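See below for upload_5.txt, which holds compact mmCIF, C-alpha atoms.
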```
# COMPACT_ATOMS: atom_id res chain seq x y z
CA MET X 123 18.25 -12.06 -118.65
CA ILE X 124 15.45 -12.25 -121.23
CA THR X 125 16.44 -9.83 -123.97
CA SER X 126 14.24 -10.74 -126.94
CA PRO X 127 10.48 -10.20 -127.40
CA ALA X 128 10.53 -13.46 -129.37
CA ASN X 129 11.47 -15.39 -126.24
CA GLY X 130 8.93 -18.12 -125.50
CA LYS X 131 8.39 -16.95 -121.92
CA VAL X 132 7.52 -13.44 -123.09
CA LYS X 133 4.91 -14.86 -125.43
CA TYR X 134 3.64 -17.16 -122.68
CA VAL X 135 3.10 -14.30 -120.19
CA ARG X 136 1.55 -12.14 -122.88
CA GLU X 137 -0.96 -14.88 -123.71
CA LEU X 138 -1.87 -15.32 -120.04
CA ILE X 139 -2.56 -11.60 -119.81
CA LEU X 140 -4.60 -11.34 -123.00
CA LYS X 141 -6.30 -14.70 -123.56
CA SER X 142 -8.87 -16.36 -121.32
CA ARG X 143 -8.35 -19.66 -123.15
CA ALA X 144 -4.65 -19.68 -122.23
CA ARG X 145 -5.46 -19.04 -118.58
CA LYS X 146 -7.95 -21.91 -118.53
CA LYS X 147 -5.46 -24.26 -120.15
CA GLU X 148 -2.54 -23.40 -117.87
CA GLY X 149 -4.48 -23.03 -114.61
CA CYS X 150 -2.73 -19.79 -113.70
CA PHE X 151 -3.03 -16.06 -114.34
CA ALA X 152 -0.71 -13.06 -114.56
CA ALA X 153 -0.92 -10.30 -111.94
CA GLU X 154 0.92 -7.07 -112.70
CA GLY X 155 2.42 -4.70 -110.16
CA ILE X 156 4.22 -4.66 -106.82
CA LYS X 157 1.06 -4.72 -104.70
CA MET X 158 -0.27 -7.78 -106.52
CA PHE X 159 3.08 -9.52 -106.03
CA LEU X 160 3.25 -8.68 -102.32
CA GLU X 161 -0.30 -9.90 -101.65
CA ALA X 162 -0.06 -13.09 -103.71
CA PRO X 163 0.01 -16.20 -101.46
CA ARG X 164 3.57 -17.45 -101.61
CA GLU X 165 2.48 -21.07 -102.00
CA ASP X 166 0.45 -20.16 -105.12
CA ILE X 167 3.19 -18.26 -106.96
CA CYS X 168 4.30 -20.15 -110.08
CA ASP X 169 6.84 -17.68 -111.47
CA VAL X 170 7.93 -14.04 -111.29
CA PHE X 171 9.27 -11.72 -114.00
CA ILE X 172 11.05 -8.46 -113.13
CA ARG X 173 12.18 -5.71 -115.45
CA GLU X 174 15.89 -4.97 -115.47
CA LYS X 175 15.53 -1.47 -114.00
CA LEU X 176 13.59 -2.72 -110.97
CA ASP X 177 16.01 -5.59 -110.43
CA GLU X 178 18.91 -3.14 -110.31
CA LYS X 179 17.05 -0.95 -107.82
CA LEU X 180 16.26 -3.87 -105.51
CA ARG X 181 19.80 -5.23 -105.66
CA HIS X 182 21.82 -2.10 -105.12
CA GLU X 183 19.83 0.68 -103.46
CA ASP X 184 19.66 1.21 -99.72
CA ASN X 185 16.82 2.92 -97.83
CA LEU X 186 14.20 1.64 -100.23
CA PRO X 187 10.56 2.73 -99.82
CA LYS X 188 8.54 0.31 -97.70
CA ASN X 189 6.85 -1.52 -100.59
CA TYR X 190 10.13 -1.97 -102.48
CA ALA X 191 11.87 -3.27 -99.37
CA ALA X 192 9.00 -5.72 -98.85
CA CYS X 193 9.29 -6.75 -102.48
CA ARG X 194 13.01 -7.49 -102.08
CA ALA X 195 12.35 -9.48 -98.91
CA LYS X 196 9.62 -11.57 -100.52
CA LEU X 197 11.76 -12.34 -103.56
CA TYR X 198 14.32 -13.99 -101.31
CA GLY X 199 14.16 -17.71 -101.99
CA LEU X 200 11.79 -17.34 -104.97
CA HIS X 201 12.83 -18.14 -108.51
CA TYR X 202 12.42 -15.13 -110.77
CA GLU X 203 13.54 -14.00 -114.22
CA VAL X 204 14.96 -10.61 -115.18
CA VAL X 205 13.59 -9.07 -118.38
CA ALA X 206 15.21 -6.27 -120.38
CA ASP X 207 13.30 -3.00 -119.99
CA ASP X 208 12.16 -2.68 -123.60
CA VAL X 209 11.06 -6.32 -123.70
CA PHE X 210 9.20 -6.05 -120.38
CA GLU X 211 7.05 -3.23 -121.78
CA LYS X 212 5.99 -5.52 -124.63
CA MET X 213 5.21 -8.32 -122.17
CA THR X 214 2.72 -6.39 -120.02
CA ASP X 215 -0.71 -4.86 -120.52
CA THR X 216 -0.35 -1.59 -118.58
CA VAL X 217 0.77 1.71 -120.11
CA THR X 218 3.29 2.37 -117.32
CA PRO X 219 4.18 -1.06 -115.89
CA GLN X 220 5.55 -1.13 -112.33
CA GLY X 221 8.19 -3.65 -113.28
CA ILE X 222 6.95 -6.99 -111.94
CA VAL X 223 4.57 -9.68 -113.20
CA THR X 224 3.59 -12.60 -110.98
CA LEU X 225 2.16 -15.84 -112.34
CA VAL X 226 -0.29 -17.17 -109.77
CA ARG X 227 -2.09 -20.50 -109.56
CA LYS X 228 -5.85 -20.09 -110.00
CA PRO X 229 -7.95 -21.02 -106.96
CA ARG X 230 -10.70 -23.55 -107.60
CA TYR X 231 -13.99 -23.67 -105.71
CA SER X 232 -17.25 -25.49 -106.33
CA LEU X 233 -20.69 -24.20 -105.45
CA GLU X 234 -20.91 -26.81 -102.70
CA GLU X 235 -17.64 -25.58 -101.19
CA VAL X 236 -18.67 -21.92 -101.05
CA LEU X 237 -22.06 -22.83 -99.57
CA ASP X 238 -20.33 -24.74 -96.76
CA VAL X 239 -19.60 -21.42 -95.10
CA GLU X 240 -18.07 -22.77 -91.89
CA SER X 241 -15.46 -24.81 -93.78
CA LEU X 242 -14.90 -21.94 -96.20
CA ARG X 243 -14.19 -19.48 -93.41
CA ARG X 244 -11.79 -21.90 -91.73
CA GLU X 245 -9.92 -22.35 -95.01
CA MET X 246 -9.71 -18.59 -95.50
CA GLY X 247 -8.65 -18.02 -91.89
CA ILE X 248 -11.70 -15.84 -91.18
CA GLU X 249 -13.39 -15.70 -87.80
CA ARG X 250 -16.92 -14.52 -88.38
CA SER X 251 -20.05 -15.54 -86.47
CA LYS X 252 -22.54 -13.80 -88.74
CA GLU X 253 -24.87 -15.60 -91.14
CA PRO X 254 -23.54 -16.19 -94.68
CA LEU X 255 -23.58 -13.33 -97.18
CA TYR X 256 -23.19 -13.84 -100.94
CA MET X 257 -23.21 -11.87 -104.19
CA LEU X 258 -24.64 -13.44 -107.36
CA LEU X 259 -23.79 -11.83 -110.71
CA GLU X 260 -25.58 -12.38 -114.02
CA ASN X 261 -24.07 -11.38 -117.39
CA LEU X 262 -21.80 -8.73 -115.87
CA GLN X 263 -19.53 -7.51 -118.67
CA ASP X 264 -17.45 -4.58 -117.44
CA PRO X 265 -14.07 -5.63 -115.97
CA GLY X 266 -13.89 -2.56 -113.76
CA ASN X 267 -17.31 -3.28 -112.27
CA LEU X 268 -16.41 -6.87 -111.46
CA GLY X 269 -13.09 -5.93 -109.87
CA THR X 270 -14.72 -3.20 -107.79
CA ILE X 271 -17.47 -5.58 -106.62
CA LEU X 272 -14.86 -8.11 -105.50
CA ARG X 273 -12.87 -5.44 -103.66
CA THR X 274 -16.01 -4.09 -101.97
CA ALA X 275 -17.19 -7.60 -101.12
CA GLU X 276 -14.06 -8.20 -99.07
CA ALA X 277 -14.52 -4.94 -97.19
CA ALA X 278 -18.22 -5.60 -96.50
CA GLY X 279 -17.72 -9.16 -95.22
CA VAL X 280 -19.14 -11.11 -98.16
CA ASP X 281 -18.29 -14.81 -97.97
CA ALA X 282 -18.18 -15.58 -101.70
CA ILE X 283 -19.23 -14.42 -105.16
CA ILE X 284 -21.15 -16.68 -107.55
CA LEU X 285 -21.04 -15.78 -111.24
CA GLY X 286 -23.07 -16.94 -114.22
CA GLU X 287 -20.95 -18.43 -116.98
CA ASN X 288 -21.52 -15.41 -119.26
CA CYS X 289 -19.90 -12.95 -116.87
CA VAL X 290 -16.58 -11.34 -117.74
CA ASP X 291 -13.51 -13.43 -116.85
CA MET X 292 -12.36 -12.78 -113.29
CA TYR X 293 -8.75 -13.14 -114.47
CA ASN X 294 -9.02 -10.40 -117.07
CA ALA X 295 -6.09 -8.03 -116.45
CA LYS X 296 -8.39 -5.05 -115.82
CA VAL X 297 -10.44 -7.05 -113.32
CA ILE X 298 -7.32 -8.14 -111.45
CA ARG X 299 -6.03 -4.56 -111.17
CA SER X 300 -9.41 -3.33 -109.94
CA THR X 301 -9.55 -5.92 -107.14
CA MET X 302 -6.45 -4.43 -105.46
CA GLY X 303 -5.51 -7.87 -104.12
CA ALA X 304 -9.00 -9.00 -103.08
CA ILE X 305 -8.90 -11.65 -105.81
CA TYR X 306 -6.56 -13.64 -103.52
CA ARG X 307 -8.93 -13.47 -100.55
CA VAL X 308 -12.55 -13.57 -101.74
CA PRO X 309 -13.70 -17.01 -102.93
CA PHE X 310 -15.67 -17.09 -106.17
CA VAL X 311 -17.10 -19.69 -108.51
CA TYR X 312 -18.54 -19.68 -112.04
CA VAL X 313 -21.65 -21.83 -112.49
CA GLU X 314 -23.24 -23.14 -115.69
CA SER X 315 -26.72 -22.11 -114.54
CA LEU X 316 -27.18 -19.22 -112.14
CA ARG X 317 -30.84 -20.11 -111.71
CA ALA X 318 -30.01 -23.69 -110.74
CA ALA X 319 -27.52 -22.28 -108.23
CA MET X 320 -30.26 -20.04 -106.85
CA ASP X 321 -32.50 -23.07 -106.34
CA GLU X 322 -29.71 -24.84 -104.47
CA MET X 323 -29.09 -21.80 -102.30
CA LYS X 324 -32.76 -21.47 -101.41
CA GLU X 325 -32.79 -25.11 -100.38
CA ALA X 326 -29.84 -24.28 -98.10
CA GLY X 327 -31.93 -21.58 -96.38
CA ILE X 328 -30.40 -18.56 -98.10
CA ILE X 329 -32.74 -15.68 -98.93
CA LEU X 330 -32.16 -14.29 -102.43
CA TYR X 331 -32.79 -10.61 -103.16
CA ALA X 332 -32.93 -9.56 -106.82
CA ALA X 333 -31.92 -5.95 -107.50
CA THR X 334 -34.39 -4.54 -110.03
CA LEU X 335 -35.70 -1.21 -111.29
CA SER X 336 -39.29 -2.21 -110.57
CA ARG X 337 -41.22 0.25 -108.42
CA THR X 338 -43.38 -2.64 -107.20
CA ALA X 339 -40.31 -4.02 -105.40
CA LYS X 340 -39.50 -3.06 -101.82
CA GLU X 341 -36.84 -0.46 -101.10
CA TYR X 342 -33.46 -2.03 -100.43
CA ASP X 343 -33.43 -1.21 -96.70
CA PHE X 344 -36.84 -2.81 -96.03
CA TYR X 345 -35.63 -6.36 -95.37
CA ASP X 346 -33.61 -7.96 -92.57
CA TYR X 347 -30.22 -8.97 -93.99
CA ARG X 348 -28.95 -10.42 -90.73
CA LYS X 349 -30.35 -13.73 -91.96
CA PRO X 350 -28.53 -15.87 -94.59
CA THR X 351 -28.55 -13.48 -97.55
CA ALA X 352 -27.58 -13.29 -101.21
CA PHE X 353 -27.94 -10.27 -103.51
CA VAL X 354 -28.43 -10.84 -107.24
CA ILE X 355 -27.05 -8.18 -109.63
CA GLY X 356 -27.60 -8.17 -113.39
CA ASN X 357 -26.05 -6.88 -116.58
CA GLU X 358 -24.96 -3.22 -116.69
CA GLY X 359 -27.32 -2.31 -119.52
CA ASN X 360 -30.20 -4.76 -119.23
CA GLY X 361 -30.32 -5.70 -115.56
CA LEU X 362 -31.49 -9.15 -114.50
CA MET X 363 -33.36 -11.47 -116.82
CA GLU X 364 -37.04 -11.96 -115.94
CA ASP X 365 -36.59 -15.68 -115.30
CA THR X 366 -33.80 -14.91 -112.85
CA VAL X 367 -35.90 -12.34 -110.99
CA ALA X 368 -38.68 -14.93 -110.75
CA LYS X 369 -36.28 -17.30 -108.95
CA ALA X 370 -35.49 -14.77 -106.22
CA SER X 371 -37.12 -14.73 -102.78
CA ALA X 372 -37.84 -11.01 -103.05
CA ASP X 373 -37.26 -8.01 -105.33
CA ILE X 374 -35.56 -4.85 -104.09
CA PHE X 375 -34.72 -1.49 -105.64
CA ILE X 376 -32.54 1.48 -104.73
CA PRO X 377 -34.55 4.73 -104.90
CA MET X 378 -33.11 7.47 -107.06
CA GLU X 379 -33.74 11.17 -107.53
CA GLY X 380 -32.94 13.15 -110.65
CA HIS X 381 -33.17 11.84 -114.21
CA GLY X 382 -30.75 8.92 -114.09
CA GLU X 383 -32.23 5.61 -115.21
CA SER X 384 -30.03 3.34 -113.10
CA LEU X 385 -26.92 3.15 -110.95
CA ASN X 386 -23.59 1.69 -111.98
CA ALA X 387 -23.64 -2.06 -111.24
CA SER X 388 -20.71 -1.93 -108.83
CA MET X 389 -22.22 1.09 -107.05
CA ALA X 390 -25.56 -0.70 -106.62
CA ALA X 391 -23.80 -3.83 -105.38
CA GLY X 392 -21.78 -1.77 -102.92
CA ILE X 393 -24.87 -0.09 -101.48
CA LEU X 394 -26.54 -3.47 -100.92
CA MET X 395 -23.46 -5.11 -99.40
CA TYR X 396 -22.93 -2.25 -97.00
CA GLU X 397 -26.59 -2.17 -96.00
CA ALA X 398 -26.19 -5.80 -94.98
CA ALA X 399 -22.94 -4.94 -93.16
CA ARG X 400 -24.64 -2.02 -91.38
CA GLN X 401 -27.51 -4.17 -90.17
CA ARG X 402 -25.18 -6.95 -89.04
CA LYS X 403 -22.99 -4.51 -87.14
CA LYS X 404 -26.01 -3.32 -85.15
```
Now that the file is in, can you turn its structure into structure tokens?
Amino acid sequence: MITSPANGKVKYVRELILKSRARKKEGCFAAEGIKMFLEAPREDICDVFIREKLDEKLRHEDNLPKNYAACRAKLYGLHYEVVADDVFEKMTDTVTPQGIVTLVRKPRYSLEEVLDVESLRREMGIERSKEPLYMLLENLQDPGNLGTILRTAEAAGVDAIILGENCVDMYNAKVIRSTMGAIYRVPFVYVESLRAAMDEMKEAGIILYAATLSRTAKEYDFYDYRKPTAFVIGNEGNGLMEDTVAKASADIFIPMEGHGESLNASMAAGILMYEAARQRKK
């Protein structure tokens, strides 16, 4: 059992949770909670840390709740380390930790791989005959927004998310929690130049729709999203940069009543993704 907060493994996990540079160097990230452990692909799990209290519960209690029983079953055959309760609380980022941290290998995709939608779907085990659907994000900074977009993207049938290099880190602890496991199932890639990626996507026949506040744009439900489609969402406070909007195939806006100036970025993204899903369902 790990009993000291000075233990090297405690510091290692803490750095993975808090520091993007550590995650880049090690090629893995830390996912907190039972749900994130249960949904992590077994072949990508690098290590598991369990607080002493949870370990005792899993070892000795009968008639466990479903998620705890599933946790015990999945741990069978996996190497894991038990951490003293007081030390575990110092290791994690949450106020009330659930008692398990999973170190998971980071997936790696290139722009070319996510644009090869047939191969991508085969790799992900997805059977989908519809045209490709993508989300492009520019300078998104709020971890909760990014996590919610990823979670909604899975539900709406988005094939992949493409992020500009200045977006918040997908492996930020708050992002991971907000994804509710979707981070394991929705491919994503960071690109050095979002505009260059947009050019490449247009050459591949994908129609790019930039979400703006311009009243000269068409309303979001005007276009046919049953064709190869990508929505482009900008920064929470400033929206999309003008040069990025200029690269898009068309501009769209979501009409609003009242005195609000704009919608939350994840809300706007969700409306657009589900409009595409609605059209494709019909």
Closest-contact table, segment 190-258 of chain X side, partner segment 296-318 of chain X, 8 Å, counting all atoms listed in the file, as a Markdown table:
```
| residue | atom | partner | partner_atom | distance |
| --- | --- | --- | --- | --- |
| X:Arg230 | CA | X:Val311 | CA | 7.5 |
| X:Tyr231 | CA | X:Val311 | CA | 5.8 |
| X:Ser232 | CA | X:Val311 | CA | 6.2 |
| X:Leu233 | CA | X:Val311 | CA | 6.5 |
| X:Val236 | CA | X:Pro309 | CA | 7.2 |
| X:Met246 | CA | X:Arg307 | CA | 7.2 |
| X:Leu258 | CA | X:Leu316 | CA | 7.9 |
```
Find the residues near Met320 of chain X: any atom within 12 Å, counting all atoms listed in the file, skip ones fewer than 6 places away on the same chain, and give them as an mmCIF file with C-alpha atoms, in the coordinates of the input.
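That gives us around.cif:
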```cif
data_model
loop_
_atom_site.group_PDB
_atom_site.id
_atom_site.type_symbol
_atom_site.label_atom_id
_atom_site.label_comp_id
_atom_site.auth_asym_id
_atom_site.auth_seq_id
_atom_site.Cartn_x
_atom_site.Cartn_y
_atom_site.Cartn_z
ATOM 1 C CA LEU X 233 -20.690 -24.200 -105.450
ATOM 2 C CA LEU X 237 -22.060 -22.830 -99.570
ATOM 3 C CA TYR X 256 -23.190 -13.840 -100.940
ATOM 4 C CA MET X 257 -23.210 -11.870 -104.190
ATOM 5 C CA LEU X 258 -24.640 -13.440 -107.360
ATOM 6 C CA LEU X 259 -23.790 -11.830 -110.710
ATOM 7 C CA GLU X 260 -25.580 -12.380 -114.020
ATOM 8 C CA ILE X 284 -21.150 -16.680 -107.550
ATOM 9 C CA LEU X 285 -21.040 -15.780 -111.240
ATOM 10 C CA GLY X 286 -23.070 -16.940 -114.220
ATOM 11 C CA VAL X 313 -21.650 -21.830 -112.490
ATOM 12 C CA GLU X 314 -23.240 -23.140 -115.690
ATOM 13 C CA ALA X 326 -29.840 -24.280 -98.100
ATOM 14 C CA GLY X 327 -31.930 -21.580 -96.380
ATOM 15 C CA ILE X 328 -30.400 -18.560 -98.100
ATOM 16 C CA ILE X 329 -32.740 -15.680 -98.930
ATOM 17 C CA LEU X 330 -32.160 -14.290 -102.430
ATOM 18 C CA TYR X 331 -32.790 -10.610 -103.160
ATOM 19 C CA ALA X 332 -32.930 -9.560 -106.820
ATOM 20 C CA THR X 351 -28.550 -13.480 -97.550
ATOM 21 C CA ALA X 352 -27.580 -13.290 -101.210
ATOM 22 C CA PHE X 353 -27.940 -10.270 -103.510
ATOM 23 C CA VAL X 354 -28.430 -10.840 -107.240
ATOM 24 C CA ASP X 365 -36.590 -15.680 -115.300
ATOM 25 C CA THR X 366 -33.800 -14.910 -112.850
ATOM 26 C CA VAL X 367 -35.900 -12.340 -110.990
ATOM 27 C CA ALA X 368 -38.680 -14.930 -110.750
ATOM 28 C CA LYS X 369 -36.280 -17.300 -108.950
ATOM 29 C CA ALA X 370 -35.490 -14.770 -106.220
ATOM 30 C CA SER X 371 -37.120 -14.730 -102.780
#
```
Write out as a ChimeraX atom specification the residues lying within 10 Å of Leu176 of chain X, counting all atoms listed in the file and excluding same-chain residues fewer than 3 positions away.
/X:172-173,179-181,190,204-205,207,220-222
Using all atoms listed in the file - which residues lie no farther than 12 Å from the point (-10.3, -22.2, -95.3) in the file's frame? Write them as a VMD selection string.
chain X and resid 229 231 235 to 236 238 to 249 281 307 to 309
Nearest to Asn386 of chain X among X:Gly155, X:Tyr198, X:Gly356, X:Ala372, with distances taken over all atoms listed in the file: which residue is it?
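Using all atoms listed in the file, Asn386 of chain X sits closest to X:Gly356.
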note - atom CA of Ala195 of chain X and atom CA of Phe159 of chain X are separated by 11.7 Å
Pairwise distance for atom CA of Asp166 of chain X and atom CA of Ile139 of chain X, rounded to one decimal in Å
17.3 Å
Determine, counting only C-alpha atoms, which protein, DNA and RNA residues have an atom within 12 Å of an atom of Ala144 of chain X; residues of the same chain fewer than 6 positions away are not included. Present the result as a list in words.
Lys133, Tyr134, Val135, Arg136, Glu137, Leu138, Cys150, Phe151, Ala152, Tyr293 and Asn294 of chain X
Between atom CA of Pro163 of chain X and atom CA of Ala295 of chain X - distance in Å to one decimal
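Those two atoms sit 18.1 Å apart.
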Restricting the calculation to only C-alpha atoms, which member of X:Thr334, X:Thr224, X:Asn360, X:Ser384 is positioned closest to Cys168 of chain X?
X:Thr224
Which residue of X:Ile374, X:Leu262, X:Met213, X:Val132 approaches Ala339 of chain X most closely, using only C-alpha atoms:
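Comparing X:Ile374, X:Leu262, X:Met213, X:Val132 against Ala339 of chain X, the winner is X:Ile374.
Here the question is which of X:Leu140, X:Ile376, X:Ala399, X:Ile156 gets nearest to Val280 of chain X using only C-alpha atoms, and that residue is X:Ala399.
In this comparison, which uses all atoms listed in the file, the residue of X:Lys252, X:Lys349, X:Arg164, X:Lys403 approaching Arg227 of chain X most closely is X:Arg164.
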Residues within 12 Å of Arg337 of chain X, all atoms listed in the file, excluding chain neighbours under 5 positions, as a ChimeraX atom specification
/X:342,373-378
Could you write out that same residue set with C-alpha atoms as an mmCIF file, keeping the file's coordinate frame?
```cif
data_model
loop_
_atom_site.group_PDB
_atom_site.id
_atom_site.type_symbol
_atom_site.label_atom_id
_atom_site.label_comp_id
_atom_site.auth_asym_id
_atom_site.auth_seq_id
_atom_site.Cartn_x
_atom_site.Cartn_y
_atom_site.Cartn_z
ATOM 1 C CA TYR X 342 -33.460 -2.030 -100.430
ATOM 2 C CA ASP X 373 -37.260 -8.010 -105.330
ATOM 3 C CA ILE X 374 -35.560 -4.850 -104.090
ATOM 4 C CA PHE X 375 -34.720 -1.490 -105.640
ATOM 5 C CA ILE X 376 -32.540 1.480 -104.730
ATOM 6 C CA PRO X 377 -34.550 4.730 -104.900
ATOM 7 C CA MET X 378 -33.110 7.470 -107.060
#
```
For Leu200 of chain X, which of X:Glu287, X:Glu165, X:Asp215, X:Glu379 is the closest residue, counting only C-alpha atoms?
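Checking each of X:Glu287, X:Glu165, X:Asp215, X:Glu379 against Leu200 of chain X, counting only C-alpha atoms, the winner is X:Glu165.
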Keeping just C-alpha atoms, export segment 303-364 of chain X of this structure as a short mmCIF file (atom, residue, chain, number, x, y, z; two decimals), in the first residue's frame.
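Wrote selection_14.cif, looks like this:
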```
data_model
loop_
_atom_site.label_atom_id
_atom_site.label_comp_id
_atom_site.auth_asym_id
_atom_site.auth_seq_id
_atom_site.Cartn_x
_atom_site.Cartn_y
_atom_site.Cartn_z
CA GLY X 303 -16.56 8.48 -21.14
CA ALA X 304 -16.97 9.89 -24.66
CA ILE X 305 -13.27 10.75 -24.70
CA TYR X 306 -12.61 7.02 -25.27
CA ARG X 307 -14.96 6.80 -28.25
CA VAL X 308 -14.90 10.07 -30.22
CA PRO X 309 -11.72 10.56 -32.30
CA PHE X 310 -10.14 14.00 -32.14
CA VAL X 311 -7.00 15.70 -33.39
CA TYR X 312 -5.21 18.98 -32.68
CA VAL X 313 -3.88 20.77 -35.76
CA GLU X 314 -1.28 23.53 -36.02
CA SER X 315 -3.44 25.54 -38.42
CA LEU X 316 -7.22 25.21 -38.34
CA ARG X 317 -7.49 27.21 -41.55
CA ALA X 318 -5.11 24.88 -43.37
CA ALA X 319 -7.20 21.97 -42.11
CA MET X 320 -10.31 23.69 -43.46
CA ASP X 321 -8.68 23.97 -46.88
CA GLU X 322 -7.85 20.27 -46.82
CA MET X 323 -11.39 19.39 -45.80
CA LYS X 324 -12.90 21.47 -48.58
CA GLU X 325 -10.67 19.69 -51.07
CA ALA X 326 -12.09 16.42 -49.68
CA GLY X 327 -15.62 17.61 -50.51
CA ILE X 328 -16.67 18.59 -46.98
CA ILE X 329 -18.89 21.67 -46.64
CA LEU X 330 -17.80 23.96 -43.81
CA TYR X 331 -20.37 26.02 -41.90
CA ALA X 332 -19.05 28.80 -39.66
CA ALA X 333 -21.27 29.67 -36.68
CA THR X 334 -21.37 33.47 -36.41
CA LEU X 335 -23.49 36.23 -34.91
CA SER X 336 -23.83 37.95 -38.27
CA ARG X 337 -27.41 38.67 -39.32
CA THR X 338 -26.29 38.49 -42.95
CA ALA X 339 -25.68 34.76 -42.45
CA LYS X 340 -28.38 32.18 -43.10
CA GLU X 341 -30.32 30.68 -40.22
CA TYR X 342 -28.82 27.40 -39.06
CA ASP X 343 -31.66 25.23 -40.39
CA PHE X 344 -31.48 26.67 -43.93
CA TYR X 345 -28.85 24.29 -45.34
CA ASP X 346 -28.86 20.57 -46.15
CA TYR X 347 -26.57 18.81 -43.67
CA ARG X 348 -27.10 15.37 -45.16
CA LYS X 349 -24.07 16.11 -47.31
CA PRO X 350 -20.47 15.86 -45.94
CA THR X 351 -20.60 18.54 -43.23
CA ALA X 352 -18.39 20.28 -40.70
CA PHE X 353 -19.46 22.96 -38.20
CA VAL X 354 -16.91 25.54 -37.04
CA ILE X 355 -17.31 26.95 -33.51
CA GLY X 356 -15.20 29.76 -32.06
CA ASN X 357 -14.01 31.14 -28.76
CA GLU X 358 -16.60 31.60 -25.97
CA GLY X 359 -16.10 35.35 -25.74
CA ASN X 360 -14.92 36.41 -29.19
CA GLY X 361 -16.38 33.84 -31.56
CA LEU X 362 -14.55 32.88 -34.74
CA MET X 363 -11.73 34.96 -36.16
CA GLU X 364 -12.59 36.81 -39.38
#
```
